[in-house]
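Novice: The following file, structure03.cif, comprises mmCIF, N, CA and C atoms:
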data_data
loop_
_atom_site.label_atom_id
_atom_site.label_comp_id
_atom_site.auth_asym_id
_atom_site.auth_seq_id
_atom_site.Cartn_x
_atom_site.Cartn_y
_atom_site.Cartn_z
N MET A 21 -19.01 66.32 19.69
CA MET A 21 -18.49 66.67 20.99
C MET A 21 -17.86 65.45 21.67
N ARG A 22 -18.56 64.33 21.59
CA ARG A 22 -18.04 63.11 22.20
C ARG A 22 -16.76 62.65 21.51
N ARG A 23 -16.74 62.81 20.18
CA ARG A 23 -15.55 62.43 19.41
C ARG A 23 -14.36 63.31 19.81
N ASN A 24 -14.58 64.61 19.96
CA ASN A 24 -13.51 65.51 20.38
C ASN A 24 -12.98 65.15 21.77
N LEU A 25 -13.89 64.79 22.66
CA LEU A 25 -13.47 64.44 24.01
C LEU A 25 -12.65 63.16 24.01
N SER A 26 -13.06 62.17 23.21
CA SER A 26 -12.26 60.93 23.18
C SER A 26 -10.90 61.16 22.53
N PHE A 27 -10.85 61.99 21.47
CA PHE A 27 -9.56 62.33 20.88
C PHE A 27 -8.68 63.07 21.89
N ALA A 28 -9.29 63.95 22.67
CA ALA A 28 -8.53 64.71 23.66
C ALA A 28 -7.97 63.80 24.75
N LEU A 29 -8.77 62.85 25.22
CA LEU A 29 -8.28 61.92 26.24
C LEU A 29 -7.16 61.04 25.71
N LEU A 30 -7.33 60.53 24.49
CA LEU A 30 -6.28 59.72 23.89
C LEU A 30 -5.02 60.54 23.64
N GLY A 31 -5.20 61.78 23.19
CA GLY A 31 -4.06 62.66 22.98
C GLY A 31 -3.35 63.00 24.28
N GLY A 32 -4.11 63.22 25.34
CA GLY A 32 -3.52 63.50 26.65
C GLY A 32 -2.71 62.34 27.18
N MET A 33 -3.26 61.14 27.03
CA MET A 33 -2.51 59.96 27.47
C MET A 33 -1.27 59.76 26.60
N SER A 34 -1.40 59.98 25.31
CA SER A 34 -0.26 59.80 24.41
C SER A 34 0.85 60.81 24.71
N ALA A 35 0.48 62.06 24.95
CA ALA A 35 1.48 63.08 25.25
C ALA A 35 2.21 62.78 26.55
N THR A 36 1.49 62.31 27.55
CA THR A 36 2.11 61.97 28.82
C THR A 36 3.05 60.78 28.67
N LEU A 37 2.59 59.76 27.98
CA LEU A 37 3.44 58.59 27.78
C LEU A 37 4.65 58.91 26.91
N LEU A 38 4.46 59.77 25.92
CA LEU A 38 5.57 60.19 25.06
C LEU A 38 6.61 60.94 25.89
N TYR A 39 6.17 61.82 26.78
CA TYR A 39 7.11 62.55 27.64
C TYR A 39 7.92 61.57 28.48
N TRP A 40 7.23 60.64 29.15
CA TRP A 40 7.95 59.71 30.02
C TRP A 40 8.88 58.80 29.22
N ALA A 41 8.47 58.38 28.04
CA ALA A 41 9.32 57.53 27.21
C ALA A 41 10.56 58.29 26.73
N LEU A 42 10.36 59.52 26.27
CA LEU A 42 11.50 60.30 25.77
C LEU A 42 12.41 60.77 26.89
N SER A 43 11.87 60.99 28.06
CA SER A 43 12.72 61.45 29.16
C SER A 43 13.61 60.34 29.69
N CYS A 44 13.31 59.10 29.36
CA CYS A 44 14.15 57.98 29.79
C CYS A 44 15.28 57.71 28.80
N THR A 45 15.23 58.29 27.62
CA THR A 45 16.30 58.08 26.65
C THR A 45 17.39 59.11 26.87
N VAL A 46 18.58 58.79 26.43
CA VAL A 46 19.70 59.70 26.59
C VAL A 46 19.68 60.78 25.52
N SER A 47 19.45 60.39 24.28
CA SER A 47 19.56 61.36 23.18
C SER A 47 18.38 62.32 23.09
N LEU A 48 17.19 61.90 23.50
CA LEU A 48 16.00 62.75 23.36
C LEU A 48 15.50 63.32 24.69
N HIS A 49 16.28 63.17 25.75
CA HIS A 49 15.85 63.67 27.05
C HIS A 49 15.68 65.20 27.03
N GLY A 50 16.62 65.90 26.42
CA GLY A 50 16.53 67.37 26.36
C GLY A 50 15.32 67.84 25.57
N PHE A 51 15.01 67.15 24.47
CA PHE A 51 13.83 67.50 23.68
C PHE A 51 12.55 67.31 24.49
N ALA A 52 12.46 66.21 25.22
CA ALA A 52 11.26 65.95 26.03
C ALA A 52 11.08 67.02 27.09
N ILE A 53 12.16 67.42 27.72
CA ILE A 53 12.07 68.44 28.76
C ILE A 53 11.66 69.79 28.17
N LYS A 54 12.21 70.15 27.00
CA LYS A 54 11.87 71.43 26.39
C LYS A 54 10.45 71.44 25.84
N ALA A 55 10.02 70.36 25.21
CA ALA A 55 8.71 70.33 24.56
C ALA A 55 7.57 70.09 25.54
N LEU A 56 7.74 69.16 26.45
CA LEU A 56 6.63 68.78 27.32
C LEU A 56 6.90 69.05 28.79
N GLY A 57 8.05 69.58 29.11
CA GLY A 57 8.44 69.81 30.49
C GLY A 57 7.62 70.84 31.24
N PRO A 58 7.21 71.96 30.61
CA PRO A 58 6.45 72.96 31.37
C PRO A 58 5.17 72.39 31.99
N ALA A 59 4.50 71.49 31.29
CA ALA A 59 3.30 70.89 31.86
C ALA A 59 3.66 69.99 33.04
N ILE A 60 4.77 69.28 32.93
CA ILE A 60 5.19 68.42 34.03
C ILE A 60 5.55 69.25 35.26
N SER A 61 6.24 70.38 35.05
CA SER A 61 6.59 71.21 36.20
C SER A 61 5.34 71.82 36.84
N PHE A 62 4.33 72.16 36.03
CA PHE A 62 3.06 72.64 36.58
C PHE A 62 2.40 71.58 37.42
N VAL A 63 2.39 70.35 36.91
CA VAL A 63 1.78 69.24 37.64
C VAL A 63 2.53 68.99 38.94
N GLU A 64 3.86 69.03 38.90
CA GLU A 64 4.64 68.78 40.11
C GLU A 64 4.40 69.84 41.17
N ARG A 65 4.10 71.08 40.76
CA ARG A 65 3.78 72.13 41.74
C ARG A 65 2.42 71.90 42.37
N CYS A 66 1.50 71.26 41.64
CA CYS A 66 0.14 71.07 42.15
C CYS A 66 -0.05 69.77 42.92
N VAL A 67 0.85 68.81 42.74
CA VAL A 67 0.71 67.53 43.41
C VAL A 67 1.04 67.67 44.89
N ASP A 68 0.31 66.96 45.70
CA ASP A 68 0.52 66.99 47.15
C ASP A 68 1.90 66.43 47.48
N PRO A 69 2.78 67.22 48.12
CA PRO A 69 4.14 66.75 48.37
C PRO A 69 4.23 65.56 49.33
N SER A 70 3.24 65.40 50.20
CA SER A 70 3.30 64.28 51.14
C SER A 70 3.06 62.94 50.44
N ASN A 71 2.41 62.97 49.28
CA ASN A 71 2.14 61.75 48.53
C ASN A 71 3.00 61.63 47.28
N SER A 72 4.06 62.41 47.19
CA SER A 72 4.82 62.45 45.95
C SER A 72 5.73 61.26 45.76
N SER A 73 5.93 60.44 46.76
CA SER A 73 6.78 59.27 46.58
C SER A 73 5.91 58.02 46.46
N GLY A 74 6.43 57.05 45.78
CA GLY A 74 5.72 55.79 45.65
C GLY A 74 4.78 55.77 44.45
N LEU A 75 4.04 54.70 44.37
CA LEU A 75 3.15 54.48 43.23
C LEU A 75 2.02 55.50 43.18
N PHE A 76 1.48 55.88 44.33
CA PHE A 76 0.37 56.83 44.35
C PHE A 76 0.80 58.18 43.78
N GLY A 77 2.01 58.61 44.07
CA GLY A 77 2.51 59.87 43.53
C GLY A 77 2.63 59.84 42.02
N TYR A 78 3.13 58.72 41.48
CA TYR A 78 3.22 58.60 40.03
C TYR A 78 1.84 58.56 39.38
N LEU A 79 0.90 57.87 40.01
CA LEU A 79 -0.46 57.81 39.45
C LEU A 79 -1.14 59.17 39.51
N GLU A 80 -0.91 59.91 40.59
CA GLU A 80 -1.49 61.24 40.71
C GLU A 80 -0.90 62.17 39.65
N GLU A 81 0.40 62.08 39.43
CA GLU A 81 1.04 62.88 38.40
C GLU A 81 0.53 62.50 37.01
N LEU A 82 0.37 61.21 36.76
CA LEU A 82 -0.15 60.75 35.48
C LEU A 82 -1.57 61.26 35.24
N ALA A 83 -2.43 61.16 36.25
CA ALA A 83 -3.82 61.61 36.10
C ALA A 83 -3.91 63.11 35.86
N MET A 84 -3.13 63.89 36.59
CA MET A 84 -3.16 65.35 36.39
C MET A 84 -2.60 65.73 35.03
N ASN A 85 -1.56 65.03 34.61
CA ASN A 85 -0.97 65.31 33.31
C ASN A 85 -1.93 65.01 32.18
N VAL A 86 -2.59 63.87 32.26
CA VAL A 86 -3.58 63.51 31.23
C VAL A 86 -4.71 64.52 31.21
N ALA A 87 -5.17 64.94 32.38
CA ALA A 87 -6.25 65.93 32.44
C ALA A 87 -5.81 67.27 31.85
N LEU A 88 -4.58 67.68 32.14
CA LEU A 88 -4.07 68.95 31.62
C LEU A 88 -3.94 68.92 30.10
N TYR A 89 -3.29 67.90 29.57
CA TYR A 89 -3.16 67.80 28.11
C TYR A 89 -4.51 67.62 27.44
N SER A 90 -5.39 66.82 28.04
CA SER A 90 -6.72 66.59 27.45
C SER A 90 -7.53 67.88 27.39
N PHE A 91 -7.43 68.69 28.43
CA PHE A 91 -8.17 69.96 28.43
C PHE A 91 -7.75 70.83 27.26
N TRP A 92 -6.44 70.99 27.06
CA TRP A 92 -5.98 71.86 25.98
C TRP A 92 -6.27 71.29 24.60
N ILE A 93 -6.15 69.99 24.44
CA ILE A 93 -6.48 69.37 23.16
C ILE A 93 -7.97 69.53 22.89
N PHE A 94 -8.81 69.31 23.90
CA PHE A 94 -10.25 69.46 23.74
C PHE A 94 -10.63 70.91 23.42
N ALA A 95 -9.97 71.86 24.07
CA ALA A 95 -10.25 73.27 23.79
C ALA A 95 -9.89 73.62 22.35
N ILE A 96 -8.78 73.12 21.86
CA ILE A 96 -8.38 73.40 20.48
C ILE A 96 -9.34 72.75 19.49
N LEU A 97 -9.72 71.49 19.73
CA LEU A 97 -10.65 70.82 18.82
C LEU A 97 -12.02 71.50 18.82
N THR A 98 -12.48 71.96 19.99
CA THR A 98 -13.76 72.67 20.06
C THR A 98 -13.69 74.00 19.33
N ALA A 99 -12.57 74.71 19.46
CA ALA A 99 -12.41 75.98 18.73
C ALA A 99 -12.41 75.75 17.22
N ILE A 100 -11.79 74.68 16.77
CA ILE A 100 -11.79 74.36 15.33
C ILE A 100 -13.21 74.08 14.86
N ASP A 101 -13.97 73.30 15.64
CA ASP A 101 -15.35 73.01 15.26
C ASP A 101 -16.21 74.26 15.23
N LEU A 102 -16.05 75.12 16.22
CA LEU A 102 -16.82 76.36 16.24
C LEU A 102 -16.47 77.26 15.06
N PHE A 103 -15.21 77.31 14.72
CA PHE A 103 -14.77 78.09 13.56
C PHE A 103 -15.37 77.54 12.27
N ARG A 104 -15.39 76.23 12.12
CA ARG A 104 -16.00 75.62 10.94
C ARG A 104 -17.50 75.91 10.86
N GLN A 105 -18.18 75.83 12.00
CA GLN A 105 -19.61 76.12 12.02
C GLN A 105 -19.88 77.58 11.68
N LEU A 106 -19.05 78.47 12.15
CA LEU A 106 -19.20 79.89 11.85
C LEU A 106 -19.00 80.14 10.36
N ILE A 107 -18.01 79.53 9.77
CA ILE A 107 -17.76 79.69 8.34
C ILE A 107 -18.94 79.13 7.53
N THR A 108 -19.45 77.96 7.94
CA THR A 108 -20.59 77.38 7.24
C THR A 108 -21.82 78.27 7.36
N LYS A 109 -22.08 78.80 8.53
CA LYS A 109 -23.23 79.67 8.74
C LYS A 109 -23.09 80.95 7.92
N LEU A 110 -21.91 81.54 7.86
CA LEU A 110 -21.71 82.76 7.09
C LEU A 110 -21.82 82.50 5.59
N SER A 111 -21.37 81.34 5.13
CA SER A 111 -21.47 81.04 3.69
C SER A 111 -22.92 80.75 3.28
N HIS A 112 -23.71 80.16 4.18
CA HIS A 112 -25.13 79.88 3.84
C HIS A 112 -26.00 81.11 3.94
N SER A 113 -25.59 82.09 4.72
CA SER A 113 -26.41 83.30 4.87
C SER A 113 -26.28 84.24 3.68
N ARG A 114 -25.31 84.03 2.83
CA ARG A 114 -25.12 84.89 1.66
C ARG A 114 -26.03 84.53 0.56
#
Output the file's structure in the form of structure tokens.
Specialist:
Amino acid sequence: MRRNLSFALLGGMSATLLYWALSCTVSLHGFAIKALGPAISFVERCVDPSNSSGLFGYLEELAMNVALYSFWIFAILTAIDLFRQLITKLSHSR
């Protein structure tokens, strides 16, 4: 469980940094918006508009983005583990 959570947090940070890095390039900007943009637009709708400018706004967006990506990565890794445990339990019961 702890391993899945750390992978999820690292994956969430990596996905967020990858989005920001690719969105700054000219050739891969469209790919970044199509692949990772829906999460960014969700975060921008949830961020407080009065704090959206300046360093605090960027940090708030970064934290929400990491939490969003980490949640989904953690959910997928947990589902994979549960599926493996179910298969192991069914194979041992035979």
Novice: If you take every atom of stretch 78-88 of chain A that the file lists and fit an axis-aligned box around them with 5 Å extra on each side, what centre and edge lengths come out in Å to one decimal, as lines of an AutoDock Vina configuration file?
Specialist:
center_x = -1.5
center_y = 63.4
center_z = 35.8
size_x = 19.5
size_y = 21.1
size_z = 21.4
Novice: Counting only C-alpha atoms, which of A:Ser26, A:Ser111, A:Ser34, A:Ser47 gets nearest to A:Tyr89?
Specialist: A:Ser34
Novice: Which residues, written as a list of chain:residue names, have at least one atom at most 6.5 Å from stretch 74-86 of chain A, with all atoms listed in the file counted and residues fewer than 5 positions away on the same chain left out?
Specialist: A:Gly32, A:Met33, A:Thr36, A:Val63, A:Phe91
Novice: How many Å lie between atom CA of A:Gln105 and atom N of A:Ala35, rounded to one decimal?
Specialist: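 These atoms are spaced 27.7 Å apart.
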Novice: What is the atom CA of A:Trp40-atom CA of A:Thr98 distance in Å, reported with one decimal?
Specialist: 27.2 Å
